[in-house]
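Report on one structure; see the data block that follows.
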Amino acid sequence: MTGSDASPSFRLAYVPGVTPTKWVRIWNERLPGVPLTLVPTPAGEASDVLRDRGADAGLVRLPVDRTVLSAIPLYTETTVVVIPKDHVVAAVDEVSLEDLADETVLHPVDDTLVWERLPGEPAFERPETTADAVELVAAGIGVLVVPQSLARLHHRKDLTYRPVTDAPESQVALSWPEDETTDLVEEFIGIVRGRTVNSSRGRAATPPQAKAARTDKSGAARQKPAAGKNPRGGGAGSGAKGGSKPGPKGAAKGGPKGGSKGGAKRGKPRRRP
């Protein structure tokens, strides 16, 4: 990571269904001098856009090519089936793939789910896009299984959706070229991970020199005195330089037990005969 190589702007790719609004707002608050440009990208082309340096980082759907791209999973979406509002499935709260066994399930070319086995009955043709598949659902030709965010993105008043309990799920991740982990990429990683503006990983963190200076200044005051020395400059005993340890309990400082400070107790002077 080299700060000198960081571009004066930051390009963020994002795939359909992902909403980067919150993170973009935080970026603009923290780095007002570094414009962030959003790059809308089809889900199937996200890895190519990042590999070709068409964006500095991207909010994508897994999997991605991990041989050249780094990725941090952010969240997993619920999978739903999109149906007409008068469909029998609309009467229940959720369904399983087995409940769709007799349905024509549309499988668009840009499908973002990874299937081991496609559910239901296949359509005669595959729609090119998810948007095309939604139009076919509205026409009563079949149903569509997608991540919930895509169902919301292509919402229509005559359609609804229900969760599919055992369908594959889609993971959204932040990804970027592994050999291009710049300061700005690190900054965006901190934002999506919820780091505060004063985090040690962020650009706004206190510089190491300032931290060291503050430590030296305060550390000296907290330093323990050396053995045998009084913190105020005197000895460990009476306070005089080279003084001895205090006497037994009850003894005055610097004198024998029962004596007063500074020497033995004086009586009346004797008369000479």
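The way I read the labels, and the way they are meant: chains A, B, ... in the order of the structure tokens, residue 1 as the first residue of every chain, and ligand 1 as the first ligand shown, with later ones counted on from there.
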
Non-local contacts of stretch 167-177 of chain A (8 Å; only C-alpha atoms; under 6 positions in same chain excluded) as number ranges by chain:
A: 18, 50-51, 53, 56-62, 68-79, 96-97, 112-115, 147, 185, 189

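Excluding A:Thr37 and any residue on its chain fewer than 6 positions from it, the residues at most 10 Å away by only C-alpha atoms are Ser9, Phe10, Arg11, Leu12, Ala13, Val24, Ala55 and Asp56 of chain A.
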
Tell me, as a list in words, which residues lie within 8 Å of A:Val82, counting only C-alpha atoms; anything in the same chain fewer than 5 positions away does not count.
Val134, Val137, Val143, Leu144, Val145, Val146, Ala151, Leu159, Thr160, Tyr161 and Arg162 of chain A

Would you please give, as a ChimeraX atom specification, all residues of stretch 87-148 of chain A that DSSP assigns to strand (DSSP E or B) based on the backbone?
/A:95,104-106,121-122,143-147

Could you dump the residues just selected with N, CA, C and O atoms as a PDB file, in the first residue's frame?
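Output file part.pdb is given in full below:
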```pdb
ATOM      1  N   VAL A  95     -41.982 -20.316   1.605  1.00  0.00           N
ATOM      2  CA  VAL A  95     -42.098 -21.577   0.868  1.00  0.00           C
ATOM      3  C   VAL A  95     -40.743 -22.273   0.832  1.00  0.00           C
ATOM      4  O   VAL A  95     -39.712 -21.681   1.174  1.00  0.00           O
ATOM      5  N   THR A 104     -43.096 -23.196 -13.304  1.00  0.00           N
ATOM      6  CA  THR A 104     -42.059 -22.837 -14.276  1.00  0.00           C
ATOM      7  C   THR A 104     -41.182 -21.769 -13.620  1.00  0.00           C
ATOM      8  O   THR A 104     -41.634 -20.651 -13.360  1.00  0.00           O
ATOM      9  N   VAL A 105     -39.956 -22.140 -13.324  1.00  0.00           N
ATOM     10  CA  VAL A 105     -39.051 -21.213 -12.638  1.00  0.00           C
ATOM     11  C   VAL A 105     -38.095 -20.619 -13.662  1.00  0.00           C
ATOM     12  O   VAL A 105     -37.308 -21.337 -14.295  1.00  0.00           O
ATOM     13  N   LEU A 106     -38.170 -19.323 -13.817  1.00  0.00           N
ATOM     14  CA  LEU A 106     -37.337 -18.617 -14.791  1.00  0.00           C
ATOM     15  C   LEU A 106     -35.889 -18.521 -14.290  1.00  0.00           C
ATOM     16  O   LEU A 106     -35.642 -18.292 -13.107  1.00  0.00           O
ATOM     17  N   GLU A 121     -39.842 -26.448 -12.973  1.00  0.00           N
ATOM     18  CA  GLU A 121     -39.777 -26.796 -14.384  1.00  0.00           C
ATOM     19  C   GLU A 121     -39.077 -25.675 -15.154  1.00  0.00           C
ATOM     20  O   GLU A 121     -39.363 -24.500 -14.921  1.00  0.00           O
ATOM     21  N   PRO A 122     -38.143 -26.009 -16.050  1.00  0.00           N
ATOM     22  CA  PRO A 122     -37.453 -24.950 -16.799  1.00  0.00           C
ATOM     23  C   PRO A 122     -38.359 -24.312 -17.848  1.00  0.00           C
ATOM     24  O   PRO A 122     -39.273 -24.957 -18.378  1.00  0.00           O
ATOM     25  N   VAL A 143     -42.351 -18.077 -12.438  1.00  0.00           N
ATOM     26  CA  VAL A 143     -41.953 -17.385 -11.211  1.00  0.00           C
ATOM     27  C   VAL A 143     -40.434 -17.212 -11.249  1.00  0.00           C
ATOM     28  O   VAL A 143     -39.741 -17.836 -12.046  1.00  0.00           O
ATOM     29  N   LEU A 144     -39.930 -16.385 -10.355  1.00  0.00           N
ATOM     30  CA  LEU A 144     -38.508 -16.051 -10.369  1.00  0.00           C
ATOM     31  C   LEU A 144     -37.944 -16.091  -8.956  1.00  0.00           C
ATOM     32  O   LEU A 144     -38.518 -15.487  -8.041  1.00  0.00           O
ATOM     33  N   VAL A 145     -36.822 -16.779  -8.764  1.00  0.00           N
ATOM     34  CA  VAL A 145     -36.158 -16.845  -7.465  1.00  0.00           C
ATOM     35  C   VAL A 145     -34.913 -15.957  -7.519  1.00  0.00           C
ATOM     36  O   VAL A 145     -34.009 -16.198  -8.339  1.00  0.00           O
ATOM     37  N   VAL A 146     -34.863 -14.957  -6.624  1.00  0.00           N
ATOM     38  CA  VAL A 146     -33.776 -13.967  -6.645  1.00  0.00           C
ATOM     39  C   VAL A 146     -33.463 -13.505  -5.221  1.00  0.00           C
ATOM     40  O   VAL A 146     -34.254 -13.713  -4.300  1.00  0.00           O
ATOM     41  N   PRO A 147     -32.318 -12.845  -5.018  1.00  0.00           N
ATOM     42  CA  PRO A 147     -32.068 -12.174  -3.733  1.00  0.00           C
ATOM     43  C   PRO A 147     -33.134 -11.104  -3.489  1.00  0.00           C
ATOM     44  O   PRO A 147     -33.633 -10.477  -4.422  1.00  0.00           O
TER      45      PRO A 147
END
```

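In this structure, atom CA of A:Glu125 sits 16.4 Å away from atom CA of A:Ala138.
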
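Atom CA of A:Pro20 is positioned 9.6 Å from atom CA of A:Val192.
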
Long-range neighbours of A:Thr41 as a ChimeraX atom specification, 8 Å cut-off, only C-alpha atoms, 6 positions minimum in chain:
/A:13-16,49

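Proximity of A:Leu136, A:Gly194, A:Asp52, A:Glu186 to A:Pro84, computed with only C-alpha atoms, is greatest for A:Leu136.
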
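For the residues A:Pro8, A:His155, A:Lys85, A:Glu45, ranking by smallest atom-to-atom distance to A:Leu31 using only C-alpha atoms places A:Pro8 first.
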
Based on DSSP run over this structure's backbone, return all residues of stretch 61-107 of chain A in helix (DSSP H, G or I), as JSON, numbers by chain.
{"A": [88, 89, 90, 91, 97, 98, 99, 100]}

For the residues selected in the previous step, produce a file with C-alpha atoms as a PDB file, in the first residue's frame.
```
ATOM      1  CA  VAL A  88     -51.416 -19.375  -4.599  1.00  0.00           C
ATOM      2  CA  VAL A  89     -47.979 -18.898  -2.976  1.00  0.00           C
ATOM      3  CA  ALA A  90     -48.980 -15.350  -1.997  1.00  0.00           C
ATOM      4  CA  ALA A  91     -51.291 -16.855   0.626  1.00  0.00           C
ATOM      5  CA  LEU A  97     -38.051 -25.291  -3.179  1.00  0.00           C
ATOM      6  CA  GLU A  98     -40.247 -28.377  -3.081  1.00  0.00           C
ATOM      7  CA  ASP A  99     -43.304 -26.107  -3.064  1.00  0.00           C
ATOM      8  CA  LEU A 100     -42.100 -24.761  -6.433  1.00  0.00           C
TER       9      LEU A 100
END
```

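Atom CA of A:Asp110 lies 5.5 Å from atom CA of A:Thr129.
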
Between A:Asp158, A:Thr21, A:Arg126, A:Trp27, which residue has the minimum interatomic distance to A:Glu187, considering only C-alpha atoms?
A:Trp27
